[in-house]
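> Below is the file protein.pdb, with PDB, C-alpha atoms.
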ATOM      1  CA  MET A   1     -10.326   0.089  22.641  1.00  0.00           C
ATOM      2  CA  SER A   2     -12.200   3.331  22.823  1.00  0.00           C
ATOM      3  CA  TYR A   3      -9.697   6.052  22.039  1.00  0.00           C
ATOM      4  CA  ARG A   4     -11.369   8.535  19.741  1.00  0.00           C
ATOM      5  CA  GLY A   5      -9.401   9.547  16.703  1.00  0.00           C
ATOM      6  CA  GLY A   6     -10.329  11.772  13.788  1.00  0.00           C
ATOM      7  CA  ARG A   7     -13.216  10.701  11.630  1.00  0.00           C
ATOM      8  CA  GLY A   8     -12.244  10.119   8.020  1.00  0.00           C
ATOM      9  CA  ARG A   9     -14.408  10.985   5.068  1.00  0.00           C
ATOM     10  CA  GLY A  10     -15.118   9.252   1.833  1.00  0.00           C
ATOM     11  CA  ARG A  11     -14.633   5.585   1.059  1.00  0.00           C
ATOM     12  CA  GLY A  12     -11.396   3.802   1.677  1.00  0.00           C
ATOM     13  CA  ARG A  13     -10.066   0.370   0.906  1.00  0.00           C
ATOM     14  CA  GLY A  14      -7.573  -1.998   2.448  1.00  0.00           C
ATOM     15  CA  GLY A  15      -7.509  -4.757   5.005  1.00  0.00           C
ATOM     16  CA  ARG A  16      -9.733  -4.679   8.043  1.00  0.00           C
ATOM     17  CA  GLY A  17      -9.755  -8.106   9.553  1.00  0.00           C
ATOM     18  CA  GLY A  18      -8.437 -11.049   7.566  1.00  0.00           C
ATOM     19  CA  GLY A  19      -4.865 -11.810   6.589  1.00  0.00           C
ATOM     20  CA  TYR A  20      -2.312 -10.249   4.340  1.00  0.00           C
ATOM     21  CA  TYR A  21      -3.049 -10.042   0.655  1.00  0.00           C
ATOM     22  CA  GLY A  22      -1.493 -13.089  -0.884  1.00  0.00           C
ATOM     23  CA  GLY A  23       1.532 -14.980   0.337  1.00  0.00           C
ATOM     24  CA  SER A  24       2.660 -15.300   3.906  1.00  0.00           C
ATOM     25  CA  SER A  25       2.662 -12.530   6.444  1.00  0.00           C
ATOM     26  CA  GLY A  26       6.085 -13.200   7.852  1.00  0.00           C
ATOM     27  CA  GLY A  27       9.587 -12.553   6.636  1.00  0.00           C
ATOM     28  CA  ARG A  28      11.446  -9.386   5.938  1.00  0.00           C
ATOM     29  CA  GLY A  29      10.578  -7.136   3.028  1.00  0.00           C
ATOM     30  CA  SER A  30      14.061  -7.331   1.580  1.00  0.00           C
ATOM     31  CA  GLN A  31      13.630 -10.903   0.471  1.00  0.00           C
ATOM     32  CA  GLY A  32      12.937 -11.399  -3.217  1.00  0.00           C
ATOM     33  CA  PRO A  33      14.106 -13.126  -6.397  1.00  0.00           C
ATOM     34  CA  GLN A  34      17.606 -12.445  -7.596  1.00  0.00           C
ATOM     35  CA  SER A  35      16.732 -12.018 -11.269  1.00  0.00           C
ATOM     36  CA  PHE A  36      13.738 -11.371 -13.487  1.00  0.00           C
ATOM     37  CA  ASP A  37      13.387 -11.020 -17.247  1.00  0.00           C
ATOM     38  CA  SER A  38      10.689  -8.410 -17.905  1.00  0.00           C
ATOM     39  CA  SER A  39      10.408  -9.599 -21.497  1.00  0.00           C
ATOM     40  CA  LYS A  40       9.515 -13.136 -20.359  1.00  0.00           C
ATOM     41  CA  PRO A  41       7.258 -12.881 -17.293  1.00  0.00           C
ATOM     42  CA  ASN A  42       5.308 -15.837 -16.003  1.00  0.00           C
ATOM     43  CA  THR A  43       2.015 -15.083 -17.705  1.00  0.00           C
ATOM     44  CA  GLY A  44      -0.605 -14.711 -15.007  1.00  0.00           C
ATOM     45  CA  GLY A  45       1.832 -16.149 -12.514  1.00  0.00           C
ATOM     46  CA  ASP A  46       3.680 -15.095  -9.389  1.00  0.00           C
ATOM     47  CA  ASN A  47       6.418 -12.851 -10.736  1.00  0.00           C
ATOM     48  CA  GLY A  48       8.751 -10.598  -8.827  1.00  0.00           C
ATOM     49  CA  GLY A  49      12.152  -8.969  -8.974  1.00  0.00           C
ATOM     50  CA  SER A  50      13.602  -5.524  -8.475  1.00  0.00           C
ATOM     51  CA  HIS A  51      11.655  -2.284  -8.596  1.00  0.00           C
ATOM     52  CA  SER A  52      13.297  -1.453 -11.926  1.00  0.00           C
ATOM     53  CA  ASP A  53      12.094  -4.826 -13.264  1.00  0.00           C
ATOM     54  CA  LEU A  54       8.515  -3.839 -12.411  1.00  0.00           C
ATOM     55  CA  VAL A  55       8.899  -0.459 -14.093  1.00  0.00           C
ATOM     56  CA  GLU A  56      10.303  -2.054 -17.244  1.00  0.00           C
ATOM     57  CA  LEU A  57       7.511  -4.639 -17.283  1.00  0.00           C
ATOM     58  CA  LEU A  58       4.813  -1.955 -17.007  1.00  0.00           C
ATOM     59  CA  ARG A  59       6.352  -0.079 -19.917  1.00  0.00           C
ATOM     60  CA  ARG A  60       6.275  -3.251 -21.988  1.00  0.00           C
ATOM     61  CA  LEU A  61       2.603  -3.752 -21.096  1.00  0.00           C
ATOM     62  CA  ASP A  62       1.572  -0.279 -22.294  1.00  0.00           C
ATOM     63  CA  GLY A  63      -1.166  -0.569 -24.925  1.00  0.00           C
ATOM     64  CA  LYS A  64      -1.759  -4.292 -24.397  1.00  0.00           C
ATOM     65  CA  GLN A  65      -5.137  -5.725 -23.503  1.00  0.00           C
ATOM     66  CA  TYR A  66      -6.107  -5.292 -19.855  1.00  0.00           C
ATOM     67  CA  PRO A  67      -5.781  -8.970 -18.778  1.00  0.00           C
ATOM     68  CA  ALA A  68      -2.021  -8.676 -19.426  1.00  0.00           C
ATOM     69  CA  TYR A  69      -1.848  -6.880 -16.059  1.00  0.00           C
ATOM     70  CA  HIS A  70      -1.773 -10.380 -14.541  1.00  0.00           C
ATOM     71  CA  ASP A  71       1.930 -10.395 -15.410  1.00  0.00           C
ATOM     72  CA  ILE A  72       2.673  -7.972 -12.556  1.00  0.00           C
ATOM     73  CA  GLU A  73       1.168 -10.266  -9.919  1.00  0.00           C
ATOM     74  CA  SER A  74       3.703 -10.976  -7.173  1.00  0.00           C
ATOM     75  CA  SER A  75       1.810 -12.150  -4.131  1.00  0.00           C
ATOM     76  CA  THR A  76       4.698 -14.070  -2.570  1.00  0.00           C
ATOM     77  CA  ARG A  77       7.921 -13.053  -4.344  1.00  0.00           C
ATOM     78  CA  GLY A  78       7.447  -9.293  -4.436  1.00  0.00           C
ATOM     79  CA  TRP A  79       9.078  -6.350  -6.205  1.00  0.00           C
ATOM     80  CA  VAL A  80      12.025  -5.185  -4.108  1.00  0.00           C
ATOM     81  CA  ASN A  81      12.739  -1.458  -3.905  1.00  0.00           C
ATOM     82  CA  ASN A  82      16.136  -1.353  -2.214  1.00  0.00           C
ATOM     83  CA  ILE A  83      16.460   2.408  -2.585  1.00  0.00           C
ATOM     84  CA  GLU A  84      13.239   3.122  -0.677  1.00  0.00           C
ATOM     85  CA  GLY A  85      13.631   0.145   1.634  1.00  0.00           C
ATOM     86  CA  TYR A  86      10.391  -1.719   0.968  1.00  0.00           C
ATOM     87  CA  THR A  87       8.970  -4.616  -1.012  1.00  0.00           C
ATOM     88  CA  LEU A  88       5.715  -4.396  -2.958  1.00  0.00           C
ATOM     89  CA  TYR A  89       3.450  -7.427  -3.254  1.00  0.00           C
ATOM     90  CA  ILE A  90       0.674  -7.372  -5.851  1.00  0.00           C
ATOM     91  CA  GLY A  91      -2.195  -9.818  -5.506  1.00  0.00           C
ATOM     92  CA  LYS A  92      -4.447 -11.140  -8.242  1.00  0.00           C
ATOM     93  CA  ALA A  93      -4.826  -8.319 -10.769  1.00  0.00           C
ATOM     94  CA  GLN A  94      -8.343  -7.167 -11.557  1.00  0.00           C
ATOM     95  CA  GLY A  95      -9.743  -8.686 -14.738  1.00  0.00           C
ATOM     96  CA  ASP A  96     -11.046  -5.457 -16.267  1.00  0.00           C
ATOM     97  CA  PRO A  97     -11.146  -1.714 -15.483  1.00  0.00           C
ATOM     98  CA  TYR A  98     -14.590  -2.026 -13.868  1.00  0.00           C
ATOM     99  CA  ALA A  99     -13.704  -4.906 -11.522  1.00  0.00           C
ATOM    100  CA  LYS A 100     -12.737  -4.507  -7.888  1.00  0.00           C
ATOM    101  CA  PRO A 101      -9.329  -2.812  -7.580  1.00  0.00           C
ATOM    102  CA  THR A 102      -6.174  -4.877  -7.245  1.00  0.00           C
ATOM    103  CA  ARG A 103      -5.077  -5.618  -3.686  1.00  0.00           C
ATOM    104  CA  CYS A 104      -1.481  -4.779  -2.812  1.00  0.00           C
ATOM    105  CA  ARG A 105       0.746  -4.520   0.213  1.00  0.00           C
ATOM    106  CA  VAL A 106       4.120  -3.044   1.016  1.00  0.00           C
ATOM    107  CA  ILE A 107       6.452  -4.209   3.729  1.00  0.00           C
ATOM    108  CA  VAL A 108       8.865  -1.542   4.910  1.00  0.00           C
ATOM    109  CA  LYS A 109      11.952  -2.904   6.632  1.00  0.00           C
ATOM    110  CA  GLY A 110      12.228  -1.996  10.283  1.00  0.00           C
ATOM    111  CA  ASP A 111      15.681  -0.484   9.824  1.00  0.00           C
ATOM    112  CA  THR A 112      14.175   1.788   7.164  1.00  0.00           C
ATOM    113  CA  ALA A 113      10.992   2.751   9.044  1.00  0.00           C
ATOM    114  CA  LYS A 114      13.038   3.295  12.242  1.00  0.00           C
ATOM    115  CA  PHE A 115      10.139   3.381  14.705  1.00  0.00           C
ATOM    116  CA  PRO A 116      11.480   3.137  18.268  1.00  0.00           C
ATOM    117  CA  PRO A 117      10.835  -0.347  19.707  1.00  0.00           C
ATOM    118  CA  VAL A 118       9.121   1.285  22.688  1.00  0.00           C
ATOM    119  CA  SER A 119       6.393   2.582  20.364  1.00  0.00           C
ATOM    120  CA  HIS A 120       5.219  -0.971  19.625  1.00  0.00           C
ATOM    121  CA  GLN A 121       6.649  -2.995  22.506  1.00  0.00           C
ATOM    122  CA  ASN A 122       3.324  -4.550  23.487  1.00  0.00           C
ATOM    123  CA  LYS A 123       0.035  -5.438  21.805  1.00  0.00           C
ATOM    124  CA  VAL A 124      -1.778  -2.236  22.777  1.00  0.00           C
ATOM    125  CA  ARG A 125       1.017   0.023  21.548  1.00  0.00           C
ATOM    126  CA  SER A 126       1.420  -1.970  18.341  1.00  0.00           C
ATOM    127  CA  VAL A 127      -2.292  -1.637  17.548  1.00  0.00           C
ATOM    128  CA  ALA A 128      -2.209   2.067  18.425  1.00  0.00           C
ATOM    129  CA  LEU A 129       0.795   2.734  16.190  1.00  0.00           C
ATOM    130  CA  GLY A 130      -0.781   0.791  13.313  1.00  0.00           C
ATOM    131  CA  ASP A 131      -3.954   2.822  13.747  1.00  0.00           C
ATOM    132  CA  TYR A 132      -2.017   6.087  13.633  1.00  0.00           C
ATOM    133  CA  LEU A 133      -0.103   5.086  10.498  1.00  0.00           C
ATOM    134  CA  ASN A 134      -3.353   4.042   8.819  1.00  0.00           C
ATOM    135  CA  ARG A 135      -4.751   7.522   9.504  1.00  0.00           C
ATOM    136  CA  VAL A 136      -1.645   9.196   8.100  1.00  0.00           C
ATOM    137  CA  PHE A 137      -1.598   6.998   4.981  1.00  0.00           C
ATOM    138  CA  TYR A 138      -5.303   7.614   4.382  1.00  0.00           C
ATOM    139  CA  GLN A 139      -4.903  11.383   4.742  1.00  0.00           C
ATOM    140  CA  SER A 140      -1.762  11.420   2.592  1.00  0.00           C
ATOM    141  CA  CYS A 141      -3.704   9.719  -0.220  1.00  0.00           C
ATOM    142  CA  LYS A 142      -6.243  12.524  -0.057  1.00  0.00           C
ATOM    143  CA  ASP A 143      -3.677  15.310   0.244  1.00  0.00           C
ATOM    144  CA  MET A 144      -1.751  14.005  -2.778  1.00  0.00           C
ATOM    145  CA  GLY A 145      -4.879  13.270  -4.800  1.00  0.00           C
ATOM    146  CA  ALA A 146      -3.760   9.649  -5.018  1.00  0.00           C
ATOM    147  CA  ASP A 147      -7.304   8.452  -4.225  1.00  0.00           C
ATOM    148  CA  VAL A 148      -8.831  10.234  -7.230  1.00  0.00           C
ATOM    149  CA  LYS A 149      -9.639   7.954 -10.135  1.00  0.00           C
ATOM    150  CA  ALA A 150      -9.790   9.017 -13.771  1.00  0.00           C
ATOM    151  CA  ARG A 151     -13.353   9.096 -15.071  1.00  0.00           C
ATOM    152  CA  GLU A 152     -14.463   9.789 -18.602  1.00  0.00           C
ATOM    153  CA  ALA A 153     -17.971   9.702 -20.050  1.00  0.00           C
ATOM    154  CA  ASN A 154     -16.510   8.060 -23.140  1.00  0.00           C
ATOM    155  CA  TRP A 155     -16.028   4.307 -22.718  1.00  0.00           C
ATOM    156  CA  ASN A 156     -12.668   4.618 -24.467  1.00  0.00           C
ATOM    157  CA  GLY A 157     -11.471   7.314 -22.067  1.00  0.00           C
ATOM    158  CA  PRO A 158      -8.949   6.797 -19.235  1.00  0.00           C
ATOM    159  CA  LYS A 159     -10.071   4.936 -16.126  1.00  0.00           C
ATOM    160  CA  GLY A 160      -8.685   4.068 -12.709  1.00  0.00           C
ATOM    161  CA  GLY A 161      -5.300   5.073 -11.372  1.00  0.00           C
ATOM    162  CA  ASP A 162      -6.330   5.577  -7.732  1.00  0.00           C
ATOM    163  CA  ILE A 163      -4.804   4.201  -4.534  1.00  0.00           C
ATOM    164  CA  GLU A 164      -7.041   3.610  -1.512  1.00  0.00           C
ATOM    165  CA  ILE A 165      -6.565   2.293   1.993  1.00  0.00           C
ATOM    166  CA  SER A 166      -9.167   1.528   4.662  1.00  0.00           C
ATOM    167  CA  MET A 167     -10.871   4.611   6.047  1.00  0.00           C
ATOM    168  CA  PRO A 168      -9.980   5.002   9.743  1.00  0.00           C
ATOM    169  CA  THR A 169     -12.804   4.574  12.197  1.00  0.00           C
ATOM    170  CA  GLN A 170     -13.742   6.960  14.992  1.00  0.00           C
ATOM    171  CA  HIS A 171     -12.323   4.530  17.535  1.00  0.00           C
ATOM    172  CA  VAL A 172      -8.981   2.779  17.635  1.00  0.00           C
ATOM    173  CA  ILE A 173      -9.530  -0.870  16.748  1.00  0.00           C
ATOM    174  CA  GLU A 174      -7.262  -3.669  15.687  1.00  0.00           C
ATOM    175  CA  GLN A 175      -7.163  -3.698  11.901  1.00  0.00           C
ATOM    176  CA  SER A 176      -4.985  -5.043   9.107  1.00  0.00           C
ATOM    177  CA  ALA A 177      -4.645  -1.961   6.898  1.00  0.00           C
ATOM    178  CA  VAL A 178      -1.370  -1.098   8.630  1.00  0.00           C
ATOM    179  CA  ARG A 179       0.340  -3.458  11.050  1.00  0.00           C
ATOM    180  CA  ILE A 180       3.648  -3.606  12.851  1.00  0.00           C
ATOM    181  CA  LEU A 181       5.090  -7.076  12.387  1.00  0.00           C
ATOM    182  CA  PRO A 182       6.886  -8.881  15.235  1.00  0.00           C
ATOM    183  CA  ASN A 183      10.295  -8.097  13.709  1.00  0.00           C
ATOM    184  CA  GLY A 184       9.535  -4.363  13.538  1.00  0.00           C
ATOM    185  CA  ASP A 185       8.717  -4.233   9.829  1.00  0.00           C
ATOM    186  CA  ILE A 186       5.669  -2.191   8.776  1.00  0.00           C
ATOM    187  CA  CYS A 187       3.026  -3.820   6.561  1.00  0.00           C
ATOM    188  CA  ALA A 188       0.490  -1.589   4.782  1.00  0.00           C
ATOM    189  CA  GLN A 189      -2.331  -3.014   2.680  1.00  0.00           C
ATOM    190  CA  PHE A 190      -4.244  -1.017   0.093  1.00  0.00           C
ATOM    191  CA  THR A 191      -5.786  -1.248  -3.353  1.00  0.00           C
ATOM    192  CA  VAL A 192      -4.688   0.105  -6.718  1.00  0.00           C
ATOM    193  CA  ASN A 193      -7.186   0.620  -9.521  1.00  0.00           C
ATOM    194  CA  LEU A 194      -4.910  -0.316 -12.415  1.00  0.00           C
ATOM    195  CA  PRO A 195      -5.208   2.385 -15.104  1.00  0.00           C
ATOM    196  CA  ALA A 196      -6.565   1.807 -18.575  1.00  0.00           C
ATOM    197  CA  ARG A 197      -7.974   3.537 -21.624  1.00  0.00           C
ATOM    198  CA  GLY A 198     -10.934   1.497 -22.735  1.00  0.00           C
ATOM    199  CA  ARG A 199      -9.599  -2.022 -22.220  1.00  0.00           C
ATOM    200  CA  SER A 200      -6.000  -1.119 -23.073  1.00  0.00           C
ATOM    201  CA  ILE A 201      -3.330  -0.851 -20.400  1.00  0.00           C
ATOM    202  CA  LEU A 202      -1.968   2.606 -19.611  1.00  0.00           C
ATOM    203  CA  GLY A 203       1.467   1.296 -18.753  1.00  0.00           C
ATOM    204  CA  TYR A 204       3.153   4.645 -18.314  1.00  0.00           C
ATOM    205  CA  LYS A 205       0.404   5.830 -16.005  1.00  0.00           C
ATOM    206  CA  ALA A 206       0.944   2.673 -13.972  1.00  0.00           C
ATOM    207  CA  VAL A 207       4.663   3.475 -13.850  1.00  0.00           C
ATOM    208  CA  GLN A 208       3.788   6.878 -12.395  1.00  0.00           C
ATOM    209  CA  ILE A 209       1.718   5.187  -9.672  1.00  0.00           C
ATOM    210  CA  PHE A 210       4.287   2.603  -8.649  1.00  0.00           C
ATOM    211  CA  ASP A 211       7.451   4.606  -9.304  1.00  0.00           C
ATOM    212  CA  GLN A 212       6.396   8.026  -8.005  1.00  0.00           C
ATOM    213  CA  THR A 213       3.133   8.108  -6.063  1.00  0.00           C
ATOM    214  CA  LEU A 214       3.596   4.961  -3.980  1.00  0.00           C
ATOM    215  CA  PRO A 215       7.179   5.748  -2.861  1.00  0.00           C
ATOM    216  CA  GLN A 216       5.996   9.205  -1.791  1.00  0.00           C
ATOM    217  CA  LEU A 217       3.129   7.686   0.207  1.00  0.00           C
ATOM    218  CA  VAL A 218       5.502   5.285   1.925  1.00  0.00           C
ATOM    219  CA  GLN A 219       7.910   8.091   2.749  1.00  0.00           C
ATOM    220  CA  LYS A 220       5.192  10.426   4.072  1.00  0.00           C
ATOM    221  CA  SER A 221       3.252   7.804   6.011  1.00  0.00           C
ATOM    222  CA  LEU A 222       5.417   4.910   7.131  1.00  0.00           C
ATOM    223  CA  ILE A 223       8.811   6.424   7.946  1.00  0.00           C
ATOM    224  CA  TYR A 224       9.321   7.649  11.496  1.00  0.00           C
ATOM    225  CA  THR A 225      11.540  10.607  10.592  1.00  0.00           C
ATOM    226  CA  SER A 226       8.811  11.977   8.287  1.00  0.00           C
ATOM    227  CA  LEU A 227       6.310  12.152  11.141  1.00  0.00           C
ATOM    228  CA  ASP A 228       5.985  14.351  14.215  1.00  0.00           C
ATOM    229  CA  ALA A 229       7.526  12.171  16.940  1.00  0.00           C
ATOM    230  CA  ASN A 230       5.588  13.963  19.680  1.00  0.00           C
ATOM    231  CA  VAL A 231       2.260  13.349  17.966  1.00  0.00           C
ATOM    232  CA  VAL A 232       3.084   9.674  17.399  1.00  0.00           C
ATOM    233  CA  THR A 233       4.063   9.221  21.045  1.00  0.00           C
ATOM    234  CA  ARG A 234       0.985  11.048  22.336  1.00  0.00           C
ATOM    235  CA  HIS A 235      -1.353   8.935  20.207  1.00  0.00           C
ATOM    236  CA  VAL A 236       0.209   5.658  21.345  1.00  0.00           C
ATOM    237  CA  LEU A 237       0.280   6.613  25.036  1.00  0.00           C
ATOM    238  CA  ASN A 238      -3.280   7.990  24.998  1.00  0.00           C
ATOM    239  CA  VAL A 239      -4.545   4.692  23.635  1.00  0.00           C
ATOM    240  CA  GLU A 240      -2.544   2.748  26.210  1.00  0.00           C
ATOM    241  CA  ASP A 241      -3.772   4.950  29.066  1.00  0.00           C
ATOM    242  CA  GLN A 242      -7.392   4.257  28.155  1.00  0.00           C
ATOM    243  CA  GLU A 243      -6.743   0.531  28.388  1.00  0.00           C
ATOM    244  CA  TRP A 244      -6.048   0.836  32.129  1.00  0.00           C
TER     245      TRP A 244
END
So, in terms of structure tokens, how does the structure I just supplied come out?

Amino acid sequence: MSYRGGRGRGRGRGGRGGGYYGGSSGGRGSQGPQSFDSSKPNTGGDNGGSHSDLVELLRRLDGKQYPAYHDIESSTRGWVNNIEGYTLYIGKAQGDPYAKPTRCRVIVKGDTAKFPPVSHQNKVRSVALGDYLNRVFYQSCKDMGADVKAREANWNGPKGGDIEISMPTQHVIEQSAVRILPNGDICAQFTVNLPARGRSILGYKAVQIFDQTLPQLVQKSLIYTSLDANVVTRHVLNVEDQEW
């Protein structure tokens, strides 16, 4: 595909090629465990539960040593946010504040995202729509300052806290940062640099990321009614026209 989109700036992270981060790529985002005890997580295992379970777990982790972040891993079970209509999957948590950021994905249910089936009814349109949503997510991170990490000269100062997704390319190409699944669900993959002070977990900062920043990004970037329908349609049709 050769449709020229806007050129992003800076460095971005997320999937480009390769599969979904952890777990299977299929299934609806609403699926998840029925119960979870945040006081007794599977240490370093595949946890999961409701969004409120994740928030409570992060609060419990505040001040603990950084490797305790492994308790929020949920690569297949997920943390289900029924209010916002998506499920968050967290892959293998980074081992320390200086390691590569933690890979995550959200799956927004199709009946929440509400993109018209015609906007992704064939392969070309699906790729074009995913490309457009990747661009919006990337720009929303910048506009909200979500991609800015905390940096202190002091080793014991705060670190991390940023969310990044793959930087869009000049051309529309098939990528895995944002994809439309066959059932109409939207899958977005990105990284989160889990926040810390020194090697201690900043649990309440992490709560802010997952309870405030991420839901806002999903709402701004992956929900049809939050976007300009005319711009979405024009982008998809322009890409399709250049395929013929």
> Check what the PyMOL selection byres ((chain A and resi 220-222) around 8) selects in the file above and give those residues as number ranges by chain.
A: 108, 113, 133, 136-137, 140, 186, 216-219, 223-224, 226-227
> Nearest to Arg135 (chain A) among A:Ala177, A:Lys149, A:Pro97, A:Gln208, with distances taken over all atoms listed in the file: which residue is it?
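Looking at the shortest contact to Arg135 (chain A), the residue is A:Ala177.
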> Considering all atoms listed in the file, can you say which of A:Pro67, A:Ile107, A:His171, A:Thr112 comes closest to Ile83 (chain A)?
A:Thr112
> Between A:Leu61, A:Ile163, A:Ala128, A:Ala229, which one has atoms that come closest to Asp241 (chain A), using all atoms listed in the file?
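Nearest to Asp241 (chain A): A:Ala128.
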> Work out how far CA of Lys123 (chain A) is from CA of Ile90 (chain A), in Å to one decimal.
27.7 Å
> Between CA of Gln189 (chain A) and CA of Thr102 (chain A), what is the distance in Å, rounded to a tenth?
10.8 Å
> So what do you get for CA of Gly160 (chain A) versus CA of Gln65 (chain A), distance-wise?
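CA of Gln65 (chain A) lies 15.0 Å from CA of Gly160 (chain A).
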> I'd like to see the residues matched by the PyMOL selection byres ((chain A and resi 179) around 9) on this file, and ideally I'd get them as a ChimeraX atom specification.
/A:126-127,129-131,133-134,174-178,180-181,185-189
> Mind listing as a PyMOL selection string all residues within 10 Å of (-7.3, 11.6, -2.5), counting all atoms listed in the file?
chain A and resi 10+12+138-149+162-164
> What does the PyMOL selection byres ((chain A and resi 60) around 12) select in this file, as number ranges by chain?
A: 37-41, 53-59, 61-65, 68-69, 71-72, 201-204, 206-207
> Since the input has fewer atoms than a full residue there, write region 93-99 of chain A out with all heavy atoms, as a PDB file, in the coordinates of the input.

ATOM      1  N   ALA A  93      -4.457  -9.553 -10.076  1.00  0.00           N
ATOM      2  CA  ALA A  93      -4.826  -8.319 -10.769  1.00  0.00           C
ATOM      3  C   ALA A  93      -6.284  -8.381 -11.207  1.00  0.00           C
ATOM      4  O   ALA A  93      -6.791  -9.429 -11.606  1.00  0.00           O
ATOM      5  CB  ALA A  93      -3.922  -8.086 -11.975  1.00  0.00           C
ATOM      6  N   GLN A  94      -6.943  -7.239 -11.129  1.00  0.00           N
ATOM      7  CA  GLN A  94      -8.343  -7.167 -11.557  1.00  0.00           C
ATOM      8  C   GLN A  94      -8.456  -7.544 -13.024  1.00  0.00           C
ATOM      9  O   GLN A  94      -7.556  -7.287 -13.834  1.00  0.00           O
ATOM     10  CB  GLN A  94      -8.874  -5.754 -11.307  1.00  0.00           C
ATOM     11  CG  GLN A  94      -8.127  -4.666 -12.061  1.00  0.00           C
ATOM     12  CD  GLN A  94      -8.272  -3.300 -11.418  1.00  0.00           C
ATOM     13  OE1 GLN A  94      -7.457  -2.919 -10.605  1.00  0.00           O
ATOM     14  NE2 GLN A  94      -9.301  -2.550 -11.811  1.00  0.00           N
ATOM     15  N   GLY A  95      -9.582  -8.167 -13.384  1.00  0.00           N
ATOM     16  CA  GLY A  95      -9.743  -8.686 -14.738  1.00  0.00           C
ATOM     17  C   GLY A  95     -10.092  -7.643 -15.774  1.00  0.00           C
ATOM     18  O   GLY A  95      -9.836  -7.837 -16.974  1.00  0.00           O
ATOM     19  N   ASP A  96     -10.700  -6.532 -15.348  1.00  0.00           N
ATOM     20  CA  ASP A  96     -11.046  -5.457 -16.267  1.00  0.00           C
ATOM     21  C   ASP A  96     -11.123  -4.151 -15.482  1.00  0.00           C
ATOM     22  O   ASP A  96     -11.131  -4.161 -14.249  1.00  0.00           O
ATOM     23  CB  ASP A  96     -12.366  -5.748 -16.992  1.00  0.00           C
ATOM     24  CG  ASP A  96     -13.550  -5.808 -16.041  1.00  0.00           C
ATOM     25  OD1 ASP A  96     -13.933  -4.743 -15.492  1.00  0.00           O
ATOM     26  OD2 ASP A  96     -14.095  -6.909 -15.844  1.00  0.00           O
ATOM     27  N   PRO A  97     -11.184  -3.003 -16.178  1.00  0.00           N
ATOM     28  CA  PRO A  97     -11.146  -1.714 -15.483  1.00  0.00           C
ATOM     29  C   PRO A  97     -12.307  -1.470 -14.537  1.00  0.00           C
ATOM     30  O   PRO A  97     -12.220  -0.594 -13.669  1.00  0.00           O
ATOM     31  CB  PRO A  97     -11.161  -0.705 -16.636  1.00  0.00           C
ATOM     32  CG  PRO A  97     -10.659  -1.453 -17.827  1.00  0.00           C
ATOM     33  CD  PRO A  97     -11.162  -2.855 -17.643  1.00  0.00           C
ATOM     34  N   TYR A  98     -13.409  -2.244 -14.695  1.00  0.00           N
ATOM     35  CA  TYR A  98     -14.590  -2.026 -13.868  1.00  0.00           C
ATOM     36  C   TYR A  98     -14.662  -3.012 -12.697  1.00  0.00           C
ATOM     37  O   TYR A  98     -15.583  -2.934 -11.884  1.00  0.00           O
ATOM     38  CB  TYR A  98     -15.853  -2.143 -14.718  1.00  0.00           C
ATOM     39  CG  TYR A  98     -15.916  -1.094 -15.813  1.00  0.00           C
ATOM     40  CD1 TYR A  98     -15.553  -1.411 -17.117  1.00  0.00           C
ATOM     41  CD2 TYR A  98     -16.321   0.209 -15.537  1.00  0.00           C
ATOM     42  CE1 TYR A  98     -15.598  -0.450 -18.129  1.00  0.00           C
ATOM     43  CE2 TYR A  98     -16.364   1.172 -16.536  1.00  0.00           C
ATOM     44  CZ  TYR A  98     -15.998   0.831 -17.829  1.00  0.00           C
ATOM     45  OH  TYR A  98     -16.032   1.788 -18.815  1.00  0.00           O
ATOM     46  N   ALA A  99     -13.709  -3.927 -12.612  1.00  0.00           N
ATOM     47  CA  ALA A  99     -13.704  -4.906 -11.522  1.00  0.00           C
ATOM     48  C   ALA A  99     -13.178  -4.265 -10.243  1.00  0.00           C
ATOM     49  O   ALA A  99     -12.698  -3.130 -10.241  1.00  0.00           O
ATOM     50  CB  ALA A  99     -12.847  -6.101 -11.926  1.00  0.00           C
TER      51      ALA A  99
END
